[in-house]
file data03.pdb (PDB, C-alpha atoms and all ligand atoms)
ATOM      1  CA  MET A   1      10.382  -3.281  12.930
ATOM      2  CA  MET A   2       7.130  -1.542  12.176
ATOM      3  CA  TYR A   3       6.687   0.585   9.094
ATOM      4  CA  GLU A   4       9.981  -0.569   7.681
ATOM      5  CA  PHE A   5       8.780   0.011   4.111
ATOM      6  CA  LYS A   6       6.789   3.200   4.576
ATOM      7  CA  VAL A   7       6.683   5.604   1.632
ATOM      8  CA  GLY A   8       4.570   8.460   2.989
ATOM      9  CA  TRP A   9       1.697   9.615   5.125
ATOM     10  CA  CYS A  10      -1.775   8.546   4.063
ATOM     11  CA  PRO A  11      -3.552  11.368   2.198
ATOM     12  CA  PHE A  12      -6.926   9.824   2.731
ATOM     13  CA  CYS A  13      -7.294   9.124   6.445
ATOM     14  CA  ASP A  14      -4.375  11.278   7.652
ATOM     15  CA  GLN A  15      -3.874   8.721  10.404
ATOM     16  CA  GLY A  16      -1.368   6.229   9.154
ATOM     17  CA  TRP A  17       1.705   5.455   7.133
ATOM     18  CA  VAL A  18       1.425   4.114   3.631
ATOM     19  CA  GLU A  19       3.640   1.069   3.267
ATOM     20  CA  ILE A  20       4.802  -1.255   0.535
ATOM     21  CA  VAL A  21       3.027  -4.564   0.993
ATOM     22  CA  LYS A  22       2.463  -7.691  -1.052
ATOM     23  CA  ASN A  23      -0.791  -9.169  -2.193
ATOM     24  CA  GLN A  24      -0.413 -12.799  -1.255
ATOM     25  CA  MET A  25      -2.839 -13.973  -3.929
ATOM     26  CA  THR A  26      -1.431 -12.124  -6.943
ATOM     27  CA  GLU A  27       2.109 -11.684  -5.540
ATOM     28  CA  GLU A  28       2.013  -8.060  -6.701
ATOM     29  CA  LEU A  29       3.424  -5.307  -4.554
ATOM     30  CA  LEU A  30       1.217  -2.378  -3.719
ATOM     31  CA  LEU A  31       1.096   0.641  -1.459
ATOM     32  CA  TYR A  32      -1.240   0.259   1.439
ATOM     33  CA  CYS A  33      -2.498   2.160   4.479
ATOM     34  CA  ASN A  34      -3.421  -0.222   7.256
ATOM     35  CA  GLU A  35      -5.432   2.444   9.047
ATOM     36  CA  CYS A  36      -8.038   2.885   6.306
ATOM     37  CA  ASN A  37      -7.154   0.052   3.880
ATOM     38  CA  THR A  38      -6.721   2.472   1.009
ATOM     39  CA  ASN A  39      -4.221   1.161  -1.484
ATOM     40  CA  TRP A  40      -2.454   2.193  -4.660
ATOM     41  CA  LYS A  41      -0.996   0.054  -7.402
ATOM     42  CA  THR A  42       1.862   2.388  -8.204
ATOM     43  CA  TYR A  43       3.843   5.098  -6.476
ATOM     44  CA  ASP A  44       2.752   7.592  -9.138
ATOM     45  CA  ASP A  45      -0.878   6.893  -8.297
ATOM     46  CA  PHE A  46      -0.120   7.479  -4.644
ATOM     47  CA  LYS A  47       1.578  10.821  -5.331
ATOM     48  CA  LYS A  48      -1.362  11.951  -7.487
ATOM     49  CA  ASP A  49      -3.699  11.382  -4.587
ATOM     50  CA  ASP A  50      -3.134  14.263  -2.309
ATOM     51  CA  ILE A  51      -6.885  14.515  -2.555
ATOM     52  CA  PRO A  52      -8.904  11.526  -1.404
ATOM     53  CA  ALA A  53      -9.532   8.935  -4.085
ATOM     54  CA  TYR A  54     -11.242   6.451  -1.884
ATOM     55  CA  PHE A  55     -13.778   5.020  -4.272
ATOM     56  CA  ARG A  56     -11.510   4.882  -7.275
ATOM     57  CA  GLN A  57      -8.855   3.058  -5.300
ATOM     58  CA  TYR A  58     -11.286   0.464  -4.179
ATOM     59  CA  GLU A  59     -12.397  -0.164  -7.747
ATOM     60  CA  GLU A  60      -8.853  -0.768  -8.872
ATOM     61  CA  VAL A  61      -7.985  -3.534  -6.473
ATOM     62  CA  GLU A  62      -8.487  -7.039  -7.683
ATOM     63  CA  PHE A  63      -9.519  -8.579  -4.428
ATOM     64  CA  GLU A  64     -12.373  -8.199  -1.996
ATOM     65  CA  VAL A  65     -11.945  -5.378   0.485
ATOM     66  CA  ASP A  66     -15.366  -5.353   2.138
ATOM     67  CA  CYS A  67     -14.165  -7.527   4.958
ATOM     68  CA  GLU A  68     -11.200  -6.041   6.720
ATOM     69  CA  ALA A  69     -10.121  -9.333   8.239
ATOM     70  CA  GLU A  70     -10.142 -11.079   4.901
ATOM     71  CA  PHE A  71      -8.246  -8.224   3.308
ATOM     72  CA  SER A  72      -5.597  -8.266   6.000
ATOM     73  CA  PHE A  73      -5.128 -11.960   5.517
ATOM     74  CA  ASN A  74      -4.116 -11.401   1.902
ATOM     75  CA  ILE A  75      -1.552  -8.737   2.712
ATOM     76  CA  ILE A  76       1.921  -9.919   3.557
ATOM     77  CA  LYS A  77       5.220  -8.189   3.987
ATOM     78  CA  PRO A  78       7.448  -8.329   0.916
ATOM     79  CA  THR A  79      11.169  -8.908   1.107
ATOM     80  CA  TYR A  80      13.484  -5.981   0.505
ATOM     81  CA  GLN A  81      14.766  -7.781  -2.586
ATOM     82  CA  GLU A  82      11.250  -7.907  -4.026
ATOM     83  CA  ILE A  83      10.978  -4.151  -3.533
ATOM     84  CA  ILE A  84      14.312  -3.575  -5.242
ATOM     85  CA  ASN A  85      13.204  -5.771  -8.123
ATOM     86  CA  ILE A  86      10.418  -3.369  -9.062
ATOM     87  CA  GLY A  87      12.447  -0.260  -8.259
ATOM     88  CA  TRP A  88      10.429   0.934  -5.275
ATOM     89  CA  ASP A  89      13.309   0.890  -2.790
ATOM     90  CA  LYS A  90      14.062   4.524  -3.671
ATOM     91  CA  TYR A  91      10.642   5.545  -2.356
ATOM     92  CA  ILE A  92      11.135   4.143   1.133
ATOM     93  CA  PHE A  93      11.348   6.787   3.849
ATOM     94  CA  LYS A  94      14.628   6.831   5.685
ATOM     95  CA  ASP A  95      14.317   8.021   9.245
TER
HETATM   96 ZN    ZN A 101      -5.135   5.796   5.444
END
call {"tool": "encode", "arguments": {"input": "data03.pdb", "output": "structure tokens"}}
result
Amino acid sequence: MMYEFKVGWCPFCDQGWVEIVKNQMTEELLLYCNECNTNWKTYDDFKKDDIPAYFRQYEEVEFEVDCEAEFSFNIIKPTYQEIINIGWDKYIFKD
């Protein structure tokens, strides 16, 4: 199922859903738009960004985002239990 863990529409590119994903290297969950690769470390940060925060977001990530292919490789889908563990399950959009 696509966009199973979506939390909102991307405020930056206005073209994609923002989803909960997992950074495979750090094993941290983050919010991520796979249309523009913008990402947020917390839900509060995401909600603050109804204006574009493109450059700031890129500075905050701990891994290389210049190469889209490399970035995608490090993003994996978390389990629902992992999302519950950090309390983000309440943010998931229910259709
Ligand atoms: Zn986007």
call {"tool": "resolve_selection", "arguments": {"input": "data03.pdb", "expression": "the PyMOL selection byres (((not hetatm)) within 8 of (chain A and resi 101))", "output": "PyMOL selection string"}}
result
chain A and resi 9-18+32-38
call {"tool": "resolve_selection", "arguments": {"input": "data03.pdb", "expression": "the PyMOL selection byres (((chain A and resi 3) around 10) and not hetatm)", "output": "ChimeraX atom specification"}}
result
/A:1-2,4-7,16-20,92-93
call {"tool": "closest_residue", "arguments": {"input": "data03.pdb", "among": "A:Lys90, A:Leu30, A:Lys22, A:Asn39", "to": "Ile75 (chain A)", "atoms": "all atoms listed in the file"}}
result
A:Lys22
call {"tool": "atom_distance", "arguments": {"input": "data03.pdb", "atom1": "CA of Asn74 (chain A)", "atom2": "CA of Lys48 (chain A)"}}
result
25.3 Å
call {"tool": "closest_residue", "arguments": {"input": "data03.pdb", "among": "A:Tyr43, A:Asp89, A:Ile83, A:Ile76", "to": "Thr26 (chain A)", "atoms": "all atoms listed in the file"}}
result
A:Ile76
call {"tool": "closest_residue", "arguments": {"input": "data03.pdb", "among": "A:Leu29, A:Pro78, A:Gln24, A:Lys94", "to": "Thr42 (chain A)", "atoms": "only C-alpha atoms"}}
result
A:Leu29
call {"tool": "atom_distance", "arguments": {"input": "data03.pdb", "atom1": "CA of Glu28 (chain A)", "atom2": "CA of Asp44 (chain A)"}}
result
15.9 Å
call {"tool": "atom_distance", "arguments": {"input": "data03.pdb", "atom1": "CA of Phe46 (chain A)", "atom2": "CA of Gln81 (chain A)"}}
result
21.4 Å
